[in-house]
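Text of coords.pdb, listed as PDB, C-alpha atoms (C1' of nucleotides):
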```pdb
ATOM      1  CA  MET A   1     -74.684 -11.561  27.244  1.00  0.00           C
ATOM      2  CA  LYS A   2     -70.968 -11.351  27.387  1.00  0.00           C
ATOM      3  CA  ASP A   3     -70.046 -10.023  24.005  1.00  0.00           C
ATOM      4  CA  GLU A   4     -66.498  -9.723  25.170  1.00  0.00           C
ATOM      5  CA  ASN A   5     -66.046 -13.435  25.405  1.00  0.00           C
ATOM      6  CA  TYR A   6     -62.592 -14.733  24.776  1.00  0.00           C
ATOM      7  CA  PHE A   7     -63.590 -16.547  21.622  1.00  0.00           C
ATOM      8  CA  GLU A   8     -64.917 -13.370  20.036  1.00  0.00           C
ATOM      9  CA  LYS A   9     -61.507 -11.845  20.503  1.00  0.00           C
ATOM     10  CA  VAL A  10     -60.016 -14.833  18.776  1.00  0.00           C
ATOM     11  CA  TYR A  11     -62.475 -14.409  15.934  1.00  0.00           C
ATOM     12  CA  ALA A  12     -61.432 -10.792  15.506  1.00  0.00           C
ATOM     13  CA  ILE A  13     -57.732 -11.614  15.466  1.00  0.00           C
ATOM     14  CA  THR A  14     -58.187 -14.559  13.139  1.00  0.00           C
ATOM     15  CA  ARG A  15     -60.261 -12.510  10.753  1.00  0.00           C
ATOM     16  CA  LEU A  16     -57.695  -9.728  10.859  1.00  0.00           C
ATOM     17  CA  ILE A  17     -55.003 -12.053   9.609  1.00  0.00           C
ATOM     18  CA  PRO A  18     -54.022 -10.774   6.151  1.00  0.00           C
ATOM     19  CA  ARG A  19     -54.120 -13.125   3.191  1.00  0.00           C
ATOM     20  CA  GLY A  20     -50.919 -15.075   2.938  1.00  0.00           C
ATOM     21  CA  ARG A  21     -50.203 -14.607   6.631  1.00  0.00           C
ATOM     22  CA  ILE A  22     -50.302 -17.145   9.436  1.00  0.00           C
ATOM     23  CA  SER A  23     -50.633 -16.874  13.165  1.00  0.00           C
ATOM     24  CA  THR A  24     -50.240 -19.304  16.022  1.00  0.00           C
ATOM     25  CA  TYR A  25     -52.421 -20.314  18.963  1.00  0.00           C
ATOM     26  CA  GLY A  26     -49.820 -19.462  21.541  1.00  0.00           C
ATOM     27  CA  THR A  27     -49.184 -16.006  20.142  1.00  0.00           C
ATOM     28  CA  ILE A  28     -52.869 -15.146  20.044  1.00  0.00           C
ATOM     29  CA  ALA A  29     -53.446 -16.662  23.453  1.00  0.00           C
ATOM     30  CA  SER A  30     -50.527 -14.759  24.878  1.00  0.00           C
ATOM     31  CA  TYR A  31     -51.649 -11.523  23.285  1.00  0.00           C
ATOM     32  CA  LEU A  32     -55.240 -11.908  24.441  1.00  0.00           C
ATOM     33  CA  ALA A  33     -53.948 -13.160  27.789  1.00  0.00           C
ATOM     34  CA  LEU A  34     -56.233 -16.169  27.595  1.00  0.00           C
ATOM     35  CA  GLY A  35     -53.796 -18.118  29.711  1.00  0.00           C
ATOM     36  CA  SER A  36     -53.830 -21.173  27.499  1.00  0.00           C
ATOM     37  CA  ALA A  37     -53.397 -21.771  23.815  1.00  0.00           C
ATOM     38  CA  ARG A  38     -56.124 -24.405  24.022  1.00  0.00           C
ATOM     39  CA  MET A  39     -58.708 -21.672  24.465  1.00  0.00           C
ATOM     40  CA  VAL A  40     -57.760 -20.334  21.052  1.00  0.00           C
ATOM     41  CA  GLY A  41     -58.186 -23.730  19.430  1.00  0.00           C
ATOM     42  CA  TRP A  42     -61.518 -24.134  21.108  1.00  0.00           C
ATOM     43  CA  ALA A  43     -62.761 -20.765  19.965  1.00  0.00           C
ATOM     44  CA  LEU A  44     -61.708 -21.556  16.424  1.00  0.00           C
ATOM     45  CA  ASN A  45     -63.527 -24.839  16.612  1.00  0.00           C
ATOM     46  CA  LYS A  46     -66.747 -22.990  17.319  1.00  0.00           C
ATOM     47  CA  SER A  47     -65.834 -20.428  14.694  1.00  0.00           C
ATOM     48  CA  PHE A  48     -66.849 -22.934  12.039  1.00  0.00           C
ATOM     49  CA  SER A  49     -70.375 -22.870  13.353  1.00  0.00           C
ATOM     50  CA  GLU A  50     -70.408 -19.192  14.157  1.00  0.00           C
ATOM     51  CA  GLU A  51     -68.926 -17.364  11.206  1.00  0.00           C
ATOM     52  CA  ARG A  52     -66.463 -17.753   8.399  1.00  0.00           C
ATOM     53  CA  VAL A  53     -63.178 -17.429  10.148  1.00  0.00           C
ATOM     54  CA  PRO A  54     -59.935 -18.175   8.289  1.00  0.00           C
ATOM     55  CA  ALA A  55     -58.966 -20.745  10.876  1.00  0.00           C
ATOM     56  CA  HIS A  56     -56.694 -22.330   8.288  1.00  0.00           C
ATOM     57  CA  ARG A  57     -54.411 -19.360   8.844  1.00  0.00           C
ATOM     58  CA  VAL A  58     -53.959 -20.371  12.445  1.00  0.00           C
ATOM     59  CA  VAL A  59     -51.569 -23.183  13.209  1.00  0.00           C
ATOM     60  CA  ASN A  60     -49.676 -24.440  16.204  1.00  0.00           C
ATOM     61  CA  ARG A  61     -46.303 -23.131  17.286  1.00  0.00           C
ATOM     62  CA  LYS A  62     -44.531 -25.665  15.108  1.00  0.00           C
ATOM     63  CA  GLY A  63     -46.233 -24.326  12.010  1.00  0.00           C
ATOM     64  CA  GLU A  64     -47.997 -27.638  11.681  1.00  0.00           C
ATOM     65  CA  LEU A  65     -51.587 -27.952  10.435  1.00  0.00           C
ATOM     66  CA  SER A  66     -52.701 -29.589  13.607  1.00  0.00           C
ATOM     67  CA  GLY A  67     -56.362 -28.718  13.094  1.00  0.00           C
ATOM     68  CA  ARG A  68     -56.694 -29.936   9.538  1.00  0.00           C
ATOM     69  CA  ASN A  69     -58.505 -32.981  10.840  1.00  0.00           C
ATOM     70  CA  HIS A  70     -61.334 -30.752  12.042  1.00  0.00           C
ATOM     71  CA  PHE A  71     -61.870 -29.140   8.669  1.00  0.00           C
ATOM     72  CA  PRO A  72     -64.677 -30.241   6.325  1.00  0.00           C
ATOM     73  CA  THR A  73     -61.894 -31.981   4.453  1.00  0.00           C
ATOM     74  CA  PRO A  74     -58.427 -32.662   5.873  1.00  0.00           C
ATOM     75  CA  THR A  75     -56.879 -31.379   2.674  1.00  0.00           C
ATOM     76  CA  LEU A  76     -58.851 -28.141   2.599  1.00  0.00           C
ATOM     77  CA  MET A  77     -56.556 -26.432   5.057  1.00  0.00           C
ATOM     78  CA  GLN A  78     -53.448 -27.207   3.079  1.00  0.00           C
ATOM     79  CA  GLU A  79     -55.134 -26.262  -0.171  1.00  0.00           C
ATOM     80  CA  LEU A  80     -56.132 -22.870   1.174  1.00  0.00           C
ATOM     81  CA  LEU A  81     -52.694 -22.197   2.602  1.00  0.00           C
ATOM     82  CA  GLU A  82     -50.976 -23.169  -0.634  1.00  0.00           C
ATOM     83  CA  LYS A  83     -53.409 -21.063  -2.583  1.00  0.00           C
ATOM     84  CA  GLU A  84     -52.441 -18.079  -0.461  1.00  0.00           C
ATOM     85  CA  GLY A  85     -48.795 -18.600  -1.218  1.00  0.00           C
ATOM     86  CA  ALA A  86     -47.819 -20.726   1.744  1.00  0.00           C
ATOM     87  CA  ILE A  87     -45.571 -23.717   1.209  1.00  0.00           C
ATOM     88  CA  VAL A  88     -47.067 -26.655   3.053  1.00  0.00           C
ATOM     89  CA  GLU A  89     -45.147 -29.887   3.222  1.00  0.00           C
ATOM     90  CA  ASN A  90     -45.908 -32.900   5.364  1.00  0.00           C
ATOM     91  CA  ASN A  91     -48.778 -30.941   6.916  1.00  0.00           C
ATOM     92  CA  GLN A  92     -46.235 -28.383   8.001  1.00  0.00           C
ATOM     93  CA  ILE A  93     -45.615 -24.852   6.739  1.00  0.00           C
ATOM     94  CA  LYS A  94     -42.127 -24.523   5.345  1.00  0.00           C
ATOM     95  CA  ASN A  95     -42.038 -20.745   5.060  1.00  0.00           C
ATOM     96  CA  PHE A  96     -43.955 -20.507   8.299  1.00  0.00           C
ATOM     97  CA  LYS A  97     -41.386 -18.125   9.687  1.00  0.00           C
ATOM     98  CA  GLU A  98     -41.875 -15.797   6.737  1.00  0.00           C
ATOM     99  CA  LEU A  99     -45.646 -15.937   6.827  1.00  0.00           C
ATOM    100  CA  PHE A 100     -45.833 -15.662  10.576  1.00  0.00           C
ATOM    101  CA  TRP A 101     -48.092 -12.782  11.619  1.00  0.00           C
ATOM    102  CA  ASP A 102     -48.246 -11.277  15.058  1.00  0.00           C
ATOM    103  CA  PRO A 103     -51.371  -9.447  16.363  1.00  0.00           C
ATOM    104  CA  ALA A 104     -49.170  -7.023  18.273  1.00  0.00           C
ATOM    105  CA  GLU A 105     -47.634  -6.019  14.974  1.00  0.00           C
ATOM    106  CA  GLU A 106     -51.006  -5.066  13.582  1.00  0.00           C
ATOM    107  CA  LEU A 107     -51.911  -3.255  16.782  1.00  0.00           C
ATOM    108  CA  ASP A 108     -48.652  -1.380  16.658  1.00  0.00           C
ATOM    109  CA  ILE A 109     -49.529  -0.116  13.201  1.00  0.00           C
ATOM    110  CA  GLU A 110     -53.000   0.933  14.304  1.00  0.00           C
ATOM    111  CA  LEU A 111     -51.590   2.771  17.250  1.00  0.00           C
TER     112      LEU A 111
ATOM    113  C1'  DG B   1     -71.319 -32.324  40.116  1.00  0.00           C
ATOM    114  C1'  DG B   2     -67.131 -35.080  38.810  1.00  0.00           C
ATOM    115  C1'  DA B   3     -64.131 -36.883  35.297  1.00  0.00           C
ATOM    116  C1'  DT B   4     -62.323 -36.630  30.615  1.00  0.00           C
ATOM    117  C1'  DT B   5     -61.078 -34.445  26.536  1.00  0.00           C
ATOM    118  C1'  DG B   6     -59.297 -30.779  23.611  1.00  0.00           C
ATOM    119  C1'  DA B   7     -57.212 -27.226  16.647  1.00  0.00           C
ATOM    120  C1'  DC B   8     -51.291 -26.217  22.555  1.00  0.00           C
ATOM    121  C1'  DG B   9     -47.232 -24.789  25.081  1.00  0.00           C
ATOM    122  C1'  DT B  10     -43.453 -25.092  28.146  1.00  0.00           C
ATOM    123  C1'  DC B  11     -40.381 -27.689  31.268  1.00  0.00           C
ATOM    124  C1'  DT B  12     -37.730 -31.534  32.589  1.00  0.00           C
ATOM    125  C1'  DG B  13     -35.281 -35.904  31.605  1.00  0.00           C
TER     126       DG B  13
ATOM    127  C1'  DG C   1     -31.653 -32.391  20.181  1.00  0.00           C
ATOM    128  C1'  DC C   2     -35.571 -35.509  20.968  1.00  0.00           C
ATOM    129  C1'  DA C   3     -39.143 -37.661  23.961  1.00  0.00           C
ATOM    130  C1'  DG C   4     -42.224 -37.712  27.560  1.00  0.00           C
ATOM    131  C1'  DA C   5     -45.017 -35.534  31.249  1.00  0.00           C
ATOM    132  C1'  DC C   6     -47.471 -31.702  33.263  1.00  0.00           C
ATOM    133  C1'  DG C   7     -50.185 -27.508  33.132  1.00  0.00           C
ATOM    134  C1'  DC C   8     -54.286 -24.288  31.286  1.00  0.00           C
ATOM    135  C1'  DC C   9     -59.204 -23.253  31.201  1.00  0.00           C
ATOM    136  C1'  DA C  10     -63.490 -24.423  29.381  1.00  0.00           C
ATOM    137  C1'  DA C  11     -66.952 -27.469  27.448  1.00  0.00           C
ATOM    138  C1'  DT C  12     -68.897 -31.982  27.045  1.00  0.00           C
ATOM    139  C1'  DC C  13     -70.207 -36.661  28.711  1.00  0.00           C
TER     140       DC C  13
END
```
Rewrite the structure of this file - the entire thing - as structure tokens.
Amino acid sequence: MKDENYFEKVYAITRLIPRGRISTYGTIASYLALGSARMVGWALNKSFSEERVPAHRVVNRKGELSGRNHFPTPTLMQELLEKEGAIVENNQIKNFKELFWDPAEELDIEL
DNA sequence: GGATTGACGTCTG
DNA sequence: GCAGACGCCAATC
């Protein structure tokens, strides 16, 4: 029973994302030293079956809602992001830079 | 057990 | 600056 699986780490980080904040696969992957951003996407894919993880707050490096197609409804992701104050246009977050959240930042505060 | 795919990222052209 | 190809690591077929 490896509780310390890489996807559990991703769950923790994704759940720690504050409302109105957004993170990226590469940042999380780099922080968790997963070695590949794809691992993050994979973990989030399982997250739907595991627990309620705000995966809609996690987007690719371009700030694009790449995973919206995997949501129950392709519009759900955008709806949630807009509801949290994010400006989504053309399946891409306009104020992505402003809403960008880094796990290291949160860790720095905890430390 | 091998080959392909996958919610991505970085490099080269 | 944009487009295309390769690389990552794991799970699924």
* Taking the file as shown, find all residues satisfying the PyMOL selection byres ((chain C and resi 8) around 9) and write them as an MDAnalysis selection string. => (chainID A and resid 35:39) or (chainID C and resid 7 9)
* Asked: Quick one: residues within 10 Å of DA3 (chain C), all atoms listed in the file counted, chain neighbours fewer than 2 positions away excluded, as a list in words?
  ->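 Once the adjacent positions are removed, what remains is DG13 of chain B; DG1 and DA5 of chain C.
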* **chain A contacts to chain B at 9 Å (only C-alpha atoms (C1' of nucleotides)) as a list of chain:residue names** => A:Tyr25, A:Gly26, A:Ser36, A:Ala37, A:Arg38, A:Met39, A:Val40, A:Gly41, A:Trp42, A:Leu44, A:Asn45, A:Ala55, A:Val58, A:Val59, A:Asn60, A:Arg61, A:Leu65, A:Ser66, A:Gly67, A:Arg68, A:Asn69, A:His70
* Asked: For the atom pair CA of Pro103 (chain A) and CA of Pro74 (chain A), what is the interatomic distance in Å to one decimal place?
  -> 26.4 Å
* Asked: Near Tyr11 (chain A), within 10 Å and counting all atoms listed in the file, which residues show up once chain neighbours fewer than 5 positions away are dropped, as a ChimeraX atom specification?
  -> /A:6,16,40,43-44,46-47,50-55
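What separates CA of Ile17 (chain A) from CA of Trp101 (chain A) is a distance of 7.2 Å.
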* Quick one: which residues end up in the PyMOL selection byres ((chain A and resi 98-100) around 10) for this structure, as an NGL selection string? -> :A and (17-24 or 57-59 or 63 or 85-87 or 93-97 or 101-102)
* To do: Tell me which of A:Leu80, A:Leu34, A:Val88, A:Ala104 sits closest to chain C, counting all atoms listed in the file.
  =>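 For chain C, the nearest of the given residues is A:Leu34.
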* Asked: So how many Å separate CA of Glu105 (chain A) and CA of Glu89 (chain A), to one decimal?
  ->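 Those two atoms sit 26.7 Å apart.
Residue nearest chain C, chosen from A:His56, A:Ala33, A:Val10, A:Glu79 and counting all atoms listed in the file: A:Ala33.
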Mind rebuilding region 26-37 of chain A with all heavy atoms and writing that out as an mmCIF file, in the coordinates of the input?
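Result file is part32.cif:
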```
data_model
loop_
_atom_site.group_PDB
_atom_site.id
_atom_site.type_symbol
_atom_site.label_atom_id
_atom_site.label_comp_id
_atom_site.auth_asym_id
_atom_site.auth_seq_id
_atom_site.Cartn_x
_atom_site.Cartn_y
_atom_site.Cartn_z
ATOM 1 N N GLY A 26 -50.536 -19.987 20.379
ATOM 2 C CA GLY A 26 -49.820 -19.462 21.541
ATOM 3 C C GLY A 26 -49.662 -17.956 21.472
ATOM 4 O O GLY A 26 -49.812 -17.260 22.473
ATOM 5 N N THR A 27 -49.367 -17.444 20.299
ATOM 6 C CA THR A 27 -49.184 -16.006 20.142
ATOM 7 C C THR A 27 -50.487 -15.268 20.428
ATOM 8 O O THR A 27 -50.513 -14.288 21.159
ATOM 9 C CB THR A 27 -48.713 -15.690 18.720
ATOM 10 O OG1 THR A 27 -47.517 -16.424 18.462
ATOM 11 C CG2 THR A 27 -48.445 -14.209 18.553
ATOM 12 N N ILE A 28 -51.560 -15.763 19.839
ATOM 13 C CA ILE A 28 -52.869 -15.146 20.044
ATOM 14 C C ILE A 28 -53.275 -15.262 21.509
ATOM 15 O O ILE A 28 -53.747 -14.313 22.122
ATOM 16 C CB ILE A 28 -53.923 -15.811 19.142
ATOM 17 C CG1 ILE A 28 -53.560 -15.580 17.668
ATOM 18 C CG2 ILE A 28 -55.303 -15.256 19.441
ATOM 19 C CD1 ILE A 28 -54.439 -16.383 16.722
ATOM 20 N N ALA A 29 -53.079 -16.428 22.055
ATOM 21 C CA ALA A 29 -53.446 -16.662 23.453
ATOM 22 C C ALA A 29 -52.644 -15.742 24.371
ATOM 23 O O ALA A 29 -53.173 -15.163 25.308
ATOM 24 C CB ALA A 29 -53.194 -18.116 23.811
ATOM 25 N N SER A 30 -51.390 -15.602 24.061
ATOM 26 C CA SER A 30 -50.527 -14.759 24.878
ATOM 27 C C SER A 30 -50.928 -13.292 24.738
ATOM 28 O O SER A 30 -50.937 -12.541 25.705
ATOM 29 C CB SER A 30 -49.072 -14.955 24.460
ATOM 30 O OG SER A 30 -48.248 -14.136 25.254
ATOM 31 N N TYR A 31 -51.265 -12.911 23.530
ATOM 32 C CA TYR A 31 -51.649 -11.523 23.285
ATOM 33 C C TYR A 31 -52.987 -11.199 23.953
ATOM 34 O O TYR A 31 -53.158 -10.152 24.568
ATOM 35 C CB TYR A 31 -51.733 -11.279 21.782
ATOM 36 C CG TYR A 31 -52.069 -9.848 21.477
ATOM 37 C CD1 TYR A 31 -51.092 -8.860 21.606
ATOM 38 C CD2 TYR A 31 -53.357 -9.488 21.097
ATOM 39 C CE1 TYR A 31 -51.399 -7.540 21.352
ATOM 40 C CE2 TYR A 31 -53.669 -8.164 20.835
ATOM 41 C CZ TYR A 31 -52.689 -7.196 20.972
ATOM 42 O OH TYR A 31 -53.003 -5.892 20.717
ATOM 43 N N LEU A 32 -53.920 -12.112 23.831
ATOM 44 C CA LEU A 32 -55.240 -11.908 24.441
ATOM 45 C C LEU A 32 -55.226 -12.276 25.913
ATOM 46 O O LEU A 32 -56.218 -12.138 26.604
ATOM 47 C CB LEU A 32 -56.274 -12.763 23.702
ATOM 48 C CG LEU A 32 -56.436 -12.380 22.224
ATOM 49 C CD1 LEU A 32 -57.441 -13.317 21.565
ATOM 50 C CD2 LEU A 32 -56.913 -10.938 22.109
ATOM 51 N N ALA A 33 -54.099 -12.786 26.375
ATOM 52 C CA ALA A 33 -53.948 -13.160 27.789
ATOM 53 C C ALA A 33 -54.999 -14.188 28.179
ATOM 54 O O ALA A 33 -55.578 -14.124 29.253
ATOM 55 C CB ALA A 33 -54.049 -11.918 28.669
ATOM 56 N N LEU A 34 -55.251 -15.130 27.296
ATOM 57 C CA LEU A 34 -56.233 -16.169 27.595
ATOM 58 C C LEU A 34 -55.688 -17.117 28.646
ATOM 59 O O LEU A 34 -56.444 -17.703 29.405
ATOM 60 C CB LEU A 34 -56.559 -16.950 26.325
ATOM 61 C CG LEU A 34 -57.166 -16.062 25.224
ATOM 62 C CD1 LEU A 34 -57.433 -16.903 23.987
ATOM 63 C CD2 LEU A 34 -58.450 -15.425 25.720
ATOM 64 N N GLY A 35 -54.406 -17.258 28.710
ATOM 65 C CA GLY A 35 -53.796 -18.118 29.711
ATOM 66 C C GLY A 35 -53.451 -19.475 29.143
ATOM 67 O O GLY A 35 -52.608 -20.166 29.674
ATOM 68 N N SER A 36 -54.127 -19.867 28.080
ATOM 69 C CA SER A 36 -53.830 -21.173 27.499
ATOM 70 C C SER A 36 -54.122 -21.169 26.010
ATOM 71 O O SER A 36 -55.141 -20.651 25.569
ATOM 72 C CB SER A 36 -54.681 -22.247 28.172
ATOM 73 O OG SER A 36 -54.385 -22.269 29.549
ATOM 74 N N ALA A 37 -53.236 -21.733 25.262
ATOM 75 C CA ALA A 37 -53.397 -21.771 23.815
ATOM 76 C C ALA A 37 -54.599 -22.638 23.441
ATOM 77 O O ALA A 37 -55.182 -22.482 22.374
ATOM 78 C CB ALA A 37 -52.128 -22.324 23.173
#
```
